[in-house]
$ cat query.cif   # mmCIF, C-alpha atoms
data_coords
loop_
_atom_site.label_atom_id
_atom_site.label_comp_id
_atom_site.auth_asym_id
_atom_site.auth_seq_id
_atom_site.Cartn_x
_atom_site.Cartn_y
_atom_site.Cartn_z
CA MET A 1 0.00 0.00 0.00
CA LYS A 2 2.92 2.34 0.65
CA LEU A 3 3.81 2.16 -3.05
CA PHE A 4 0.44 3.60 -4.09
CA LYS A 5 0.88 6.50 -1.66
CA HIS A 6 4.39 7.29 -2.87
CA LYS A 7 4.78 10.54 -4.81
CA MET A 8 6.76 8.76 -7.54
CA PHE A 9 3.80 6.43 -8.17
CA ALA A 10 1.42 9.40 -8.51
CA ASP A 11 3.87 11.13 -10.88
CA SER A 12 4.14 7.96 -13.00
CA ILE A 13 0.36 7.62 -13.24
CA TRP A 14 -0.03 11.22 -14.39
CA MET A 15 2.82 10.83 -16.90
CA PHE A 16 1.15 7.71 -18.31
CA MET A 17 -2.26 9.41 -18.45
CA ALA A 18 -0.78 12.43 -20.22
CA GLN A 19 0.81 10.16 -22.81
CA ILE A 20 -2.45 8.33 -23.48
CA VAL A 21 -4.53 11.53 -23.61
CA GLY A 22 -2.00 13.19 -25.92
CA VAL A 23 -1.91 10.31 -28.40
CA GLY A 24 -5.68 9.84 -28.31
CA SER A 25 -6.25 13.56 -28.90
CA VAL A 26 -3.93 13.61 -31.92
CA LEU A 27 -5.76 10.67 -33.49
CA ILE A 28 -9.24 12.11 -32.84
CA ILE A 29 -8.33 15.57 -34.18
CA ASN A 30 -6.87 14.10 -37.36
CA ILE A 31 -9.91 11.85 -37.85
CA ILE A 32 -12.20 14.89 -37.55
CA LEU A 33 -10.15 17.08 -39.88
CA THR A 34 -9.79 14.42 -42.58
CA ARG A 35 -13.53 13.75 -42.58
CA PHE A 36 -14.72 17.36 -42.64
CA PHE A 37 -12.19 18.95 -44.99
CA SER A 38 -10.97 18.20 -48.49
CA VAL A 39 -7.68 16.38 -49.00
CA LYS A 40 -6.16 19.57 -50.45
CA ASP A 41 -7.18 21.82 -47.54
CA TYR A 42 -5.98 19.26 -45.03
CA GLY A 43 -2.68 19.06 -46.90
CA ILE A 44 -2.31 22.85 -46.84
CA TYR A 45 -3.05 22.82 -43.09
CA GLN A 46 -0.29 20.24 -42.52
CA PHE A 47 2.06 22.23 -44.77
CA VAL A 48 1.62 25.34 -42.61
CA LEU A 49 2.09 23.32 -39.41
CA SER A 50 5.36 21.96 -40.85
CA LEU A 51 6.56 25.50 -41.63
CA ILE A 52 5.70 26.55 -38.07
CA ALA A 53 7.67 23.59 -36.71
CA ILE A 54 10.69 24.63 -38.79
CA GLY A 55 10.24 28.24 -37.63
CA ASN A 56 10.39 26.97 -34.06
CA ILE A 57 14.09 26.10 -34.47
CA MET A 58 14.75 29.86 -34.35
CA THR A 59 13.05 30.31 -30.94
CA PHE A 60 15.83 28.73 -28.83
CA PRO A 61 14.00 25.39 -28.30
CA GLY A 62 17.01 23.87 -26.54
CA GLY A 63 16.47 26.42 -23.78
CA SER A 64 14.00 24.01 -22.18
CA GLN A 65 16.96 21.78 -21.24
CA SER A 66 18.71 24.79 -19.71
CA VAL A 67 15.60 25.53 -17.66
CA ILE A 68 15.19 21.90 -16.52
CA LYS A 69 18.81 21.64 -15.37
CA GLY A 70 18.86 25.14 -13.86
CA ALA A 71 15.63 24.61 -11.92
CA ALA A 72 16.88 21.23 -10.67
CA LYS A 73 20.07 22.86 -9.39
CA GLY A 74 18.18 25.73 -7.75
CA TYR A 75 19.28 28.42 -10.22
CA ASP A 76 15.76 29.70 -10.98
CA LYS A 77 16.96 32.85 -12.75
CA ILE A 78 17.74 30.82 -15.85
CA PHE A 79 14.00 30.64 -16.54
CA ILE A 80 13.78 34.43 -16.94
CA LYS A 81 16.95 34.55 -19.03
CA THR A 82 15.89 31.84 -21.48
CA LEU A 83 12.39 33.30 -21.67
CA TYR A 84 13.89 36.69 -22.60
CA ILE A 85 16.05 35.15 -25.37
CA SER A 86 13.20 33.03 -26.70
CA MET A 87 10.65 35.85 -26.73
CA ILE A 88 12.95 38.13 -28.73
CA SER A 89 13.77 35.43 -31.28
CA SER A 90 10.18 34.12 -31.53
CA SER A 91 8.84 37.64 -32.06
CA ILE A 92 11.29 38.21 -34.93
CA VAL A 93 10.34 34.88 -36.54
CA ALA A 94 6.63 35.65 -36.03
CA VAL A 95 7.02 38.94 -37.92
CA ALA A 96 8.87 37.09 -40.71
CA PHE A 97 6.05 34.53 -40.93
CA THR A 98 3.46 37.29 -41.16
CA ILE A 99 5.41 38.90 -44.02
CA VAL A 100 5.67 35.54 -45.82
CA GLY A 101 1.94 35.02 -45.27
CA CYS A 102 1.22 38.40 -46.86
CA PHE A 103 3.43 37.42 -49.80
CA PHE A 104 1.43 34.21 -50.34
CA TYR A 105 -1.86 36.11 -49.99
CA PHE A 106 -1.22 39.20 -52.13
CA LYS A 107 1.45 38.09 -54.61
CA LEU A 108 0.83 34.39 -55.16
CA ASN A 109 -2.94 34.50 -54.60
CA GLN A 110 -2.58 31.56 -52.20
CA TYR A 111 -5.19 32.95 -49.83
CA LEU A 112 -5.55 29.97 -47.49
CA ILE A 113 -1.80 29.51 -47.01
CA GLY A 114 -1.34 33.25 -46.47
CA ILE A 115 -4.01 33.47 -43.75
CA LEU A 116 -2.84 30.29 -42.01
CA LEU A 117 0.78 31.51 -41.95
CA ALA A 118 -0.26 34.86 -40.47
CA ILE A 119 -2.26 33.08 -37.76
CA GLY A 120 0.54 30.56 -37.21
CA SER A 121 2.99 33.37 -36.42
CA PHE A 122 1.26 33.78 -33.05
CA GLN A 123 1.79 30.08 -32.36
CA LEU A 124 5.54 30.72 -32.59
CA ILE A 125 5.18 33.32 -29.82
CA SER A 126 3.36 30.78 -27.65
CA MET A 127 6.22 28.33 -28.30
CA GLY A 128 8.61 30.97 -27.02
CA LEU A 129 6.66 31.05 -23.75
CA SER A 130 6.58 27.28 -23.29
CA PHE A 131 9.60 26.96 -20.97
CA PHE A 132 7.29 26.88 -17.94
CA ASP A 133 6.90 23.11 -18.39
CA GLY A 134 10.66 22.59 -18.25
CA PHE A 135 10.79 24.63 -15.04
CA LEU A 136 8.09 22.48 -13.42
CA ILE A 137 9.92 19.30 -14.46
CA GLY A 138 13.19 20.66 -13.06
CA LYS A 139 11.43 21.39 -9.76
CA LYS A 140 10.03 17.82 -9.81
CA LYS A 141 6.48 19.12 -10.13
CA PHE A 142 5.72 16.28 -12.53
CA THR A 143 2.08 15.88 -11.52
CA LEU A 144 1.32 19.58 -11.96
CA SER A 145 3.17 19.59 -15.29
CA ARG A 146 1.14 16.69 -16.66
CA GLN A 147 -2.13 18.03 -15.24
CA LEU A 148 -1.62 21.30 -17.12
CA TYR A 149 -0.71 19.34 -20.26
CA ILE A 150 -3.83 17.14 -20.04
CA LEU A 151 -6.01 20.22 -19.45
CA PHE A 152 -4.57 21.95 -22.51
CA VAL A 153 -4.91 18.85 -24.71
CA LEU A 154 -8.55 18.33 -23.73
CA LEU A 155 -9.37 22.03 -24.25
CA LYS A 156 -7.65 21.88 -27.64
CA LEU A 157 -9.67 18.82 -28.59
CA LEU A 158 -12.94 20.45 -27.52
CA GLY A 159 -11.93 23.67 -29.30
CA VAL A 160 -11.24 21.87 -32.56
CA ILE A 161 -14.53 19.96 -32.34
CA ALA A 162 -16.43 23.20 -31.69
CA ALA A 163 -14.63 25.05 -34.50
CA VAL A 164 -15.36 22.30 -37.02
CA TRP A 165 -18.96 21.86 -35.93
CA LEU A 166 -19.82 25.57 -35.85
CA THR A 167 -17.82 26.93 -38.79
CA GLN A 168 -16.34 24.05 -40.82
CA SER A 169 -13.41 26.39 -41.50
CA ILE A 170 -9.79 25.19 -41.37
CA ILE A 171 -8.80 28.80 -40.64
CA VAL A 172 -10.95 28.90 -37.50
CA VAL A 173 -9.52 25.53 -36.44
CA LEU A 174 -5.94 26.87 -36.49
CA LEU A 175 -7.01 30.16 -34.90
CA THR A 176 -8.70 28.28 -32.05
CA THR A 177 -5.63 26.11 -31.52
CA VAL A 178 -3.29 29.12 -31.48
CA ILE A 179 -5.45 31.07 -29.00
CA LEU A 180 -5.65 28.09 -26.64
CA GLN A 181 -1.89 27.50 -26.87
CA LEU A 182 -1.18 31.16 -26.12
CA LEU A 183 -3.49 31.07 -23.09
CA ASN A 184 -1.87 27.85 -21.91
CA SER A 185 1.64 29.34 -22.16
CA ILE A 186 0.64 32.60 -20.44
CA ILE A 187 -1.15 30.79 -17.59
CA GLY A 188 1.81 28.40 -17.23
CA CYS A 189 4.31 31.25 -16.98
CA LEU A 190 2.16 33.07 -14.40
CA LEU A 191 1.87 29.86 -12.39
CA VAL A 192 5.64 29.27 -12.49
CA LYS A 193 6.20 32.80 -11.19
CA GLY A 194 5.00 31.60 -7.78
CA PHE A 195 7.70 28.88 -7.65
CA ILE A 196 10.67 31.08 -8.61
CA ASP A 197 13.10 31.78 -5.80
CA LYS A 198 13.72 35.52 -6.07
CA ASN A 199 16.62 35.39 -3.60
CA VAL A 200 18.90 33.47 -5.95
CA LYS A 201 22.00 35.50 -6.71
CA THR A 202 23.20 35.92 -10.28
CA ASN A 203 26.04 33.55 -11.15
CA ILE A 204 27.46 34.37 -14.58
CA THR A 205 29.45 31.11 -14.84
CA THR A 206 26.43 28.93 -14.02
CA GLU A 207 24.24 30.96 -16.33
CA ASN A 208 26.66 30.69 -19.25
CA ASN A 209 27.07 26.93 -18.74
CA LEU A 210 23.30 26.44 -18.73
CA LEU A 211 22.81 28.61 -21.81
CA SER A 212 25.63 26.74 -23.55
CA LEU A 213 23.71 23.51 -22.91
CA GLY A 214 20.62 25.12 -24.42
CA TRP A 215 22.45 26.17 -27.57
CA ARG A 216 23.94 22.68 -28.00
CA MET A 217 20.50 21.10 -27.66
CA THR A 218 19.10 23.66 -30.12
CA PHE A 219 21.79 22.59 -32.59
CA LEU A 220 20.62 18.96 -32.28
CA PHE A 221 17.00 20.10 -32.53
CA VAL A 222 17.74 21.86 -35.84
CA PHE A 223 19.01 18.62 -37.41
CA SER A 224 16.14 16.49 -36.17
CA THR A 225 13.49 19.04 -37.15
CA VAL A 226 14.84 19.58 -40.66
CA ALA A 227 15.14 15.80 -41.14
CA THR A 228 11.51 15.22 -40.12
CA LYS A 229 9.92 18.22 -41.84
CA VAL A 230 11.83 18.82 -45.07
CA GLU A 231 9.86 16.19 -47.04
CA ARG A 232 6.59 17.60 -45.72
CA VAL A 233 7.48 21.10 -46.89
CA PHE A 234 8.55 19.72 -50.28
CA LEU A 235 5.24 17.88 -50.74
CA GLY A 236 3.28 20.87 -49.48
CA VAL A 237 4.85 23.12 -52.09
CA ILE A 238 4.39 20.83 -55.09
CA HIS A 239 1.27 18.82 -54.14
CA PRO A 240 -0.69 19.42 -50.88
CA GLU A 241 -2.85 16.34 -51.57
CA LEU A 242 0.24 14.11 -51.48
CA LEU A 243 1.24 15.69 -48.17
CA ALA A 244 -2.19 14.88 -46.73
CA LEU A 245 -1.86 11.24 -47.82
CA TYR A 246 1.69 11.06 -46.48
CA HIS A 247 0.72 12.58 -43.13
CA ILE A 248 -2.01 10.01 -42.50
CA GLY A 249 0.28 7.19 -43.70
CA GLN A 250 3.14 8.10 -41.40
CA MET A 251 1.06 9.11 -38.38
CA ILE A 252 0.57 5.66 -36.79
CA PRO A 253 4.21 4.48 -37.25
CA ARG A 254 5.42 7.86 -35.94
CA ILE A 255 3.20 7.70 -32.85
CA ILE A 256 4.47 4.19 -32.07
CA LYS A 257 8.11 5.23 -32.55
CA ASP A 258 7.69 8.32 -30.38
CA ASN A 259 6.01 6.28 -27.63
CA ALA A 260 8.09 3.10 -27.86
CA LYS A 261 9.39 3.69 -24.32
CA LEU A 262 5.82 3.46 -23.05
CA PHE A 263 5.45 -0.06 -24.46
CA ILE A 264 8.65 -1.31 -22.80
CA SER A 265 8.35 0.74 -19.61
CA VAL A 266 8.14 -2.36 -17.38
CA PRO A 267 11.46 -4.02 -18.36
CA ALA A 268 13.11 -0.60 -18.70
CA ALA A 269 12.06 0.37 -15.15
CA HIS A 270 13.37 -2.93 -13.75
CA TRP A 271 16.68 -2.81 -15.60
CA ILE A 272 17.55 0.89 -15.26
CA SER A 273 19.24 0.31 -11.89
CA LEU A 274 21.43 -2.48 -13.30
CA SER A 275 24.97 -1.93 -14.48
CA LYS A 276 25.77 -1.46 -18.14
CA LYS A 277 27.14 -5.01 -18.29
CA ASN A 278 24.00 -6.55 -16.78
CA ASN A 279 21.76 -4.51 -19.08
CA ILE A 280 23.64 -5.84 -22.10
CA ILE A 281 23.36 -9.41 -20.79
CA LYS A 282 19.61 -9.01 -20.26
CA ILE A 283 19.01 -7.61 -23.74
CA ARG A 284 21.21 -10.29 -25.32
CA LYS A 285 19.16 -12.93 -23.50
CA TYR A 286 15.71 -11.55 -24.37
CA TRP A 287 16.34 -9.85 -27.73
CA TYR A 288 13.90 -12.21 -29.47
CA VAL A 289 11.06 -11.01 -27.20
CA PHE A 290 11.53 -7.41 -28.33
CA VAL A 291 11.87 -8.34 -32.00
CA GLY A 292 8.89 -10.67 -31.68
CA GLY A 293 6.77 -7.90 -30.18
CA GLY A 294 7.79 -5.56 -33.00
CA SER A 295 7.02 -8.22 -35.59
CA VAL A 296 3.52 -8.77 -34.18
CA LEU A 297 2.99 -5.00 -34.25
CA PHE A 298 4.13 -4.79 -37.88
CA LEU A 299 1.93 -7.69 -38.98
CA GLY A 300 -1.04 -6.18 -37.17
CA ILE A 301 -0.60 -2.88 -39.02
CA LEU A 302 0.03 -4.70 -42.30
CA PHE A 303 -3.30 -6.57 -42.17
CA LEU A 304 -5.46 -4.07 -40.27
CA SER A 305 -4.53 -0.82 -42.05
CA PRO A 306 -6.69 -1.62 -45.15
CA ILE A 307 -9.65 -1.88 -42.79
CA VAL A 308 -8.86 0.85 -40.25
CA ILE A 309 -7.85 3.74 -42.54
CA PRO A 310 -11.07 3.84 -44.65
CA ILE A 311 -13.21 3.46 -41.52
CA PHE A 312 -11.60 6.26 -39.52
CA PHE A 313 -10.19 8.58 -42.19
CA SER A 314 -12.69 7.88 -45.01
CA ASN A 315 -12.11 6.44 -48.49
CA LYS A 316 -10.31 9.65 -49.51
CA TYR A 317 -7.20 8.24 -47.80
CA ILE A 318 -7.13 4.72 -49.22
CA GLN A 319 -3.82 5.60 -50.91
CA SER A 320 -2.33 6.10 -47.44
CA ILE A 321 -2.58 2.35 -46.78
CA TRP A 322 0.58 1.36 -48.67
CA ILE A 323 2.43 4.25 -47.00
CA VAL A 324 1.62 3.11 -43.46
CA GLN A 325 2.51 -0.48 -44.39
CA TRP A 326 5.95 0.40 -45.76
CA LEU A 327 6.78 2.87 -42.98
CA SER A 328 5.89 0.20 -40.40
CA ILE A 329 8.73 -2.10 -41.49
CA SER A 330 11.18 -0.50 -39.04
CA LEU A 331 8.74 -1.16 -36.19
CA ILE A 332 9.98 -4.77 -36.21
CA PHE A 333 13.15 -3.56 -34.48
CA ILE A 334 11.82 -0.50 -32.62
CA PHE A 335 11.56 -2.15 -29.16
CA LEU A 336 15.03 -3.72 -29.37
CA GLN A 337 16.47 -0.42 -30.61
CA THR A 338 14.80 1.52 -27.79
CA MET A 339 16.13 -0.87 -25.13
CA ILE A 340 19.67 -0.56 -26.52
CA LEU A 341 19.33 3.24 -26.57
CA ASN A 342 18.28 3.10 -22.91
CA ILE A 343 21.76 1.72 -22.16
CA VAL A 344 23.32 4.45 -24.28
CA ILE A 345 21.39 7.23 -22.53
CA TYR A 346 21.43 6.02 -18.92
CA GLN A 347 24.84 4.32 -18.76
CA GLY A 348 27.12 7.24 -19.62
CA GLU A 349 27.13 7.02 -23.43
CA GLU A 350 25.42 10.37 -24.10
CA SER A 351 28.02 11.44 -26.68
CA PHE A 352 27.34 8.32 -28.77
CA TYR A 353 23.61 9.00 -28.56
CA GLN A 354 24.04 12.59 -29.76
CA LYS A 355 26.31 11.50 -32.60
CA THR A 356 23.82 8.86 -33.76
CA GLN A 357 21.00 11.41 -33.72
CA ILE A 358 22.99 13.85 -35.87
CA LEU A 359 24.21 11.08 -38.18
CA GLY A 360 20.70 9.67 -38.57
CA SER A 361 19.34 13.09 -39.49
CA LEU A 362 22.14 13.68 -42.01
CA ILE A 363 21.64 10.26 -43.63
CA LYS A 364 17.93 10.90 -44.02
CA ILE A 365 18.47 14.42 -45.42
CA VAL A 366 20.99 13.12 -48.00
CA LEU A 367 18.69 10.26 -49.06
CA LEU A 368 15.76 12.66 -49.35
CA ALA A 369 17.83 15.07 -51.43
CA VAL A 370 18.64 12.23 -53.88
CA LEU A 371 15.38 10.23 -53.97
CA MET A 372 12.69 12.83 -53.32
CA PRO A 373 13.07 14.90 -56.53
CA LEU A 374 13.24 11.74 -58.65
CA PHE A 375 10.43 9.62 -57.23
CA LEU A 376 8.34 12.06 -55.12
CA LEU A 377 6.30 10.13 -52.54
CA LYS A 378 7.91 6.75 -53.29
CA GLY A 379 11.33 8.37 -52.97
CA ILE A 380 10.38 9.84 -49.58
CA ILE A 381 9.12 6.49 -48.27
CA SER A 382 12.28 4.78 -49.50
CA ALA A 383 14.50 7.39 -47.87
CA VAL A 384 12.71 7.06 -44.52
CA VAL A 385 12.79 3.23 -44.50
CA ILE A 386 16.44 3.03 -45.62
CA SER A 387 17.60 5.64 -43.08
CA ASP A 388 15.72 3.82 -40.30
CA MET A 389 17.42 0.52 -41.25
CA ILE A 390 20.86 2.14 -41.42
CA MET A 391 20.36 3.72 -37.99
CA PHE A 392 19.27 0.42 -36.48
CA GLY A 393 22.34 -1.22 -38.06
CA ILE A 394 24.65 1.36 -36.46
CA ILE A 395 23.02 0.94 -33.03
CA LEU A 396 23.06 -2.87 -33.36
CA PHE A 397 26.75 -2.78 -34.35
CA TRP A 398 27.51 -0.77 -31.19
CA PHE A 399 25.58 -3.30 -29.09
CA ILE A 400 27.34 -6.33 -30.63
CA LYS A 401 30.67 -4.61 -30.02
CA GLN A 402 29.74 -4.14 -26.35
CA CYS A 403 28.82 -7.83 -26.13
CA TYR A 404 32.27 -8.83 -27.34
CA LEU A 405 33.92 -6.43 -24.89
CA ILE A 406 32.04 -8.13 -22.06
CA LYS A 407 33.31 -11.55 -23.21
CA ASP A 408 36.89 -10.25 -23.17
CA GLU A 409 36.64 -9.06 -19.56
#

$ encode --input "query.cif" --output "structure tokens"
Amino acid sequence: MKLFKHKMFADSIWMFMAQIVGVGSVLIINIILTRFFSVKDYGIYQFVLSLIAIGNIMTFPGGSQSVIKGAAKGYDKIFIKTLYISMISSSIVAVAFTIVGCFFYFKLNQYLIGILLAIGSFQLISMGLSFFDGFLIGKKKFTLSRQLYILFVLLKLLGVIAAVWLTQSIIVVLLTTVILQLLNSIIGCLLVKGFIDKNVKTNITTENNLLSLGWRMTFLFVFSTVATKVERVFLGVIHPELLALYHIGQMIPRIIKDNAKLFISVPAAHWISLSKKNNIIKIRKYWYVFVGGGSVLFLGILFLSPIVIPIFFSNKYIQSIWIVQWLSISLIFIFLQTMILNIVIYQGEESFYQKTQILGSLIKIVLLAVLMPLFLLKGIISAVVISDMIMFGIILFWFIKQCYLIKDE
């Protein structure tokens, strides 16, 4: 009974609930949008969201890591400093987005894209205010952090439903989302203000070290963002309908990849306290369980996607079926890869992890640059699958090498 009363248990429950609510909300919102709007309008909407995501790399996104570490160490002033940097940069990018939106609207006669970009510029400002969550995490206010997240996600879901039902306008949908995100960020920052220790003295060395961490993480963020969004921008420019089909096709594999840790949380929690050597022994012993689980997942998607996609996303997205099937190939190894990366992250191999992330992004960008112009959507799918396989090969090679090192001890 003591376990259920422990704060860590409550934090874990809220983290799990937030994950489930977040994933469920994403699926429901996309189901609603695909059913109520044309494939082209939905593609344009995703194109603008991709541009906003790329614009976010200019708002000092790595500052969240500075805030988490600073808050954990009791240097609360870093929150104000990173917020100041982010607000200046996000405001500049927001103005640039508004200008680009005007260009699309008045010069190119792309009215929908122009309006959505102008509205999206305010979302960049809300992103610049989002460091409050990192501060709460650094202060170990995990439950409060996830409660605020769940509240925002549910309000966003209700807002989108209301906007679609009352107006059936994709413009109002984005406007509603942006307003809610701005309110969430403002309320979060005001809430955090009550936790900041105002008696902390300025320490230039500590501040510079924390900001340096933020800039390094921003550098990594740039690579990962460009690698995941460049093909979406390309498709959005030449063919919004293809982007809509691609987005639905890659959504389920992407959700599973992003939440792979959730699926293996039980063995990961039990093994995290073990030494690096014992972790390697455990994975070497049970590797077939992780690959087997991934294989079952892949086969399930392979056979169920022709049924699920038309039911939930309508017959307009039947062409997304082959996309989700091909992009699910790498899911066979996703659980094994995630367990190996747990060793890398938690057993003092952070530099290898960072190098693999940069290398993986570069490999994907190069493959996209070669295959995307030649084969469009098929080239993009090929580039994603090949880069995923290469990355798994690199991680597996590292693991096998560690296994041999253990034998030599």

$ residues_around --input "query.cif" --residues "stretch 167-179 of chain A" --least-positions-apart "6" --cutoff "9 Å" --atoms "all atoms listed in the file" --output "list in words"
Leu33, Phe36, Phe37, Asp41, Tyr42, Tyr45, Leu112, Ile115, Leu116, Ile119, Gly120, Phe122, Gln123, Ser126, Lys156, Leu157, Gly159, Val160 and Ile161 of chain A

$ atom_distance --input "query.cif" --atom1 "atom CA of A:Ser387" --atom2 "atom CA of A:Leu371"
12.0 Å

$ closest_residue --input "query.cif" --among "A:Lys73, A:Lys276, A:Lys140, A:Lys355" --to "A:Asn342" --atoms "only C-alpha atoms"
A:Lys276

$ residues_around --input "query.cif" --residues "A:Gln325" --least-positions-apart "5" --cutoff "9 Å" --atoms "only C-alpha atoms" --output "list in words"
Gly249, Pro253, Phe298, Ile301, Leu302, Phe303, Ser305 and Ser320 of chain A

$ resolve_selection --input "query.cif" --expression "the PyMOL selection byres ((chain A and resi 72) around 10)" --output "list in words"
Ser66, Val67, Ile68, Lys69, Gly70, Ala71, Lys73, Gly74, Tyr75, Asp76, Gly134, Phe135, Leu136, Ile137, Gly138, Lys139 and Lys140 of chain A

$ closest_residue --input "query.cif" --among "A:Gln402, A:Thr98, A:Asn208, A:Thr228" --to "A:Ala383" --atoms "only C-alpha atoms"
A:Thr228

$ closest_residue --input "query.cif" --among "A:Ile204, A:Val289, A:Leu235, A:Ile394" --to "A:His247" --atoms "all atoms listed in the file"
A:Leu235

$ resolve_selection --input "query.cif" --expression "the PyMOL selection byres ((chain A and resi 198) around 12)" --output "PyMOL selection string"
chain A and resi 74-80+193-197+199-202

$ write_last_selection --input "query.cif" --atoms "C-alpha atoms" --output "mmCIF file, in the coordinates of the input"
data_model
loop_
_atom_site.group_PDB
_atom_site.id
_atom_site.type_symbol
_atom_site.label_atom_id
_atom_site.label_comp_id
_atom_site.auth_asym_id
_atom_site.auth_seq_id
_atom_site.Cartn_x
_atom_site.Cartn_y
_atom_site.Cartn_z
ATOM 1 C CA GLY A 74 18.180 25.730 -7.750
ATOM 2 C CA TYR A 75 19.280 28.420 -10.220
ATOM 3 C CA ASP A 76 15.760 29.700 -10.980
ATOM 4 C CA LYS A 77 16.960 32.850 -12.750
ATOM 5 C CA ILE A 78 17.740 30.820 -15.850
ATOM 6 C CA PHE A 79 14.000 30.640 -16.540
ATOM 7 C CA ILE A 80 13.780 34.430 -16.940
ATOM 8 C CA LYS A 193 6.200 32.800 -11.190
ATOM 9 C CA GLY A 194 5.000 31.600 -7.780
ATOM 10 C CA PHE A 195 7.700 28.880 -7.650
ATOM 11 C CA ILE A 196 10.670 31.080 -8.610
ATOM 12 C CA ASP A 197 13.100 31.780 -5.800
ATOM 13 C CA ASN A 199 16.620 35.390 -3.600
ATOM 14 C CA VAL A 200 18.900 33.470 -5.950
ATOM 15 C CA LYS A 201 22.000 35.500 -6.710
ATOM 16 C CA THR A 202 23.200 35.920 -10.280
#

$ residues_near_point --input "query.cif" --point "(-2.5, 3.2, -44.6)" --cutoff "10 Å" --atoms "all atoms listed in the file" --output "VMD selection string"
chain A and resid 245 to 246 248 to 252 301 to 302 304 to 310 313 317 to 328

$ write_last_selection --input "query.cif" --atoms "C-alpha atoms" --output "mmCIF file, in the frame of the given file"
data_model
loop_
_atom_site.group_PDB
_atom_site.id
_atom_site.type_symbol
_atom_site.label_atom_id
_atom_site.label_comp_id
_atom_site.auth_asym_id
_atom_site.auth_seq_id
_atom_site.Cartn_x
_atom_site.Cartn_y
_atom_site.Cartn_z
ATOM 1 C CA LEU A 245 -1.860 11.240 -47.820
ATOM 2 C CA TYR A 246 1.690 11.060 -46.480
ATOM 3 C CA ILE A 248 -2.010 10.010 -42.500
ATOM 4 C CA GLY A 249 0.280 7.190 -43.700
ATOM 5 C CA GLN A 250 3.140 8.100 -41.400
ATOM 6 C CA MET A 251 1.060 9.110 -38.380
ATOM 7 C CA ILE A 252 0.570 5.660 -36.790
ATOM 8 C CA ILE A 301 -0.600 -2.880 -39.020
ATOM 9 C CA LEU A 302 0.030 -4.700 -42.300
ATOM 10 C CA LEU A 304 -5.460 -4.070 -40.270
ATOM 11 C CA SER A 305 -4.530 -0.820 -42.050
ATOM 12 C CA PRO A 306 -6.690 -1.620 -45.150
ATOM 13 C CA ILE A 307 -9.650 -1.880 -42.790
ATOM 14 C CA VAL A 308 -8.860 0.850 -40.250
ATOM 15 C CA ILE A 309 -7.850 3.740 -42.540
ATOM 16 C CA PRO A 310 -11.070 3.840 -44.650
ATOM 17 C CA PHE A 313 -10.190 8.580 -42.190
ATOM 18 C CA TYR A 317 -7.200 8.240 -47.800
ATOM 19 C CA ILE A 318 -7.130 4.720 -49.220
ATOM 20 C CA GLN A 319 -3.820 5.600 -50.910
ATOM 21 C CA SER A 320 -2.330 6.100 -47.440
ATOM 22 C CA ILE A 321 -2.580 2.350 -46.780
ATOM 23 C CA TRP A 322 0.580 1.360 -48.670
ATOM 24 C CA ILE A 323 2.430 4.250 -47.000
ATOM 25 C CA VAL A 324 1.620 3.110 -43.460
ATOM 26 C CA GLN A 325 2.510 -0.480 -44.390
ATOM 27 C CA TRP A 326 5.950 0.400 -45.760
ATOM 28 C CA LEU A 327 6.780 2.870 -42.980
ATOM 29 C CA SER A 328 5.890 0.200 -40.400
#

$ resolve_selection --input "query.cif" --expression "the PyMOL selection byres ((chain A and resi 389-393) around 8)" --output "list in words"
Ser330, Phe333, Gln337, Thr356, Gly360, Val385, Ile386, Ser387, Asp388, Ile394, Ile395, Leu396 and Phe397 of chain A

$ atom_distance --input "query.cif" --atom1 "atom CA of A:Gly55" --atom2 "atom CA of A:Thr338"
28.8 Å

$ residues_around --input "query.cif" --residues "A:Gln46" --least-positions-apart "6" --cutoff "8 Å" --atoms "only C-alpha atoms" --output "list in words"
Gly236, Leu243, Ala244 and His247 of chain A

$ build_atoms --input "query.cif" --residues "stretch 109-115 of chain A" --atoms "N, CA and C atoms" --output "PDB file, keeping the file's coordinate frame"
ATOM      1  N   ASN A 109      -1.499  34.790 -54.647  1.00  0.00           N
ATOM      2  CA  ASN A 109      -2.940  34.500 -54.600  1.00  0.00           C
ATOM      3  C   ASN A 109      -3.256  33.156 -53.916  1.00  0.00           C
ATOM      4  N   GLN A 110      -2.359  32.757 -53.022  1.00  0.00           N
ATOM      5  CA  GLN A 110      -2.580  31.560 -52.200  1.00  0.00           C
ATOM      6  C   GLN A 110      -3.216  32.021 -50.890  1.00  0.00           C
ATOM      7  N   TYR A 111      -4.515  32.291 -50.945  1.00  0.00           N
ATOM      8  CA  TYR A 111      -5.190  32.950 -49.830  1.00  0.00           C
ATOM      9  C   TYR A 111      -5.194  32.107 -48.547  1.00  0.00           C
ATOM     10  N   LEU A 112      -5.473  30.830 -48.674  1.00  0.00           N
ATOM     11  CA  LEU A 112      -5.550  29.970 -47.490  1.00  0.00           C
ATOM     12  C   LEU A 112      -4.196  29.854 -46.808  1.00  0.00           C
ATOM     13  N   ILE A 113      -3.151  29.615 -47.594  1.00  0.00           N
ATOM     14  CA  ILE A 113      -1.800  29.510 -47.010  1.00  0.00           C
ATOM     15  C   ILE A 113      -1.407  30.822 -46.351  1.00  0.00           C
ATOM     16  N   GLY A 114      -1.693  31.935 -47.014  1.00  0.00           N
ATOM     17  CA  GLY A 114      -1.340  33.250 -46.470  1.00  0.00           C
ATOM     18  C   GLY A 114      -1.994  33.511 -45.128  1.00  0.00           C
ATOM     19  N   ILE A 115      -3.280  33.236 -45.016  1.00  0.00           N
ATOM     20  CA  ILE A 115      -4.010  33.470 -43.750  1.00  0.00           C
ATOM     21  C   ILE A 115      -3.503  32.539 -42.659  1.00  0.00           C
TER      22      ILE A 115
END
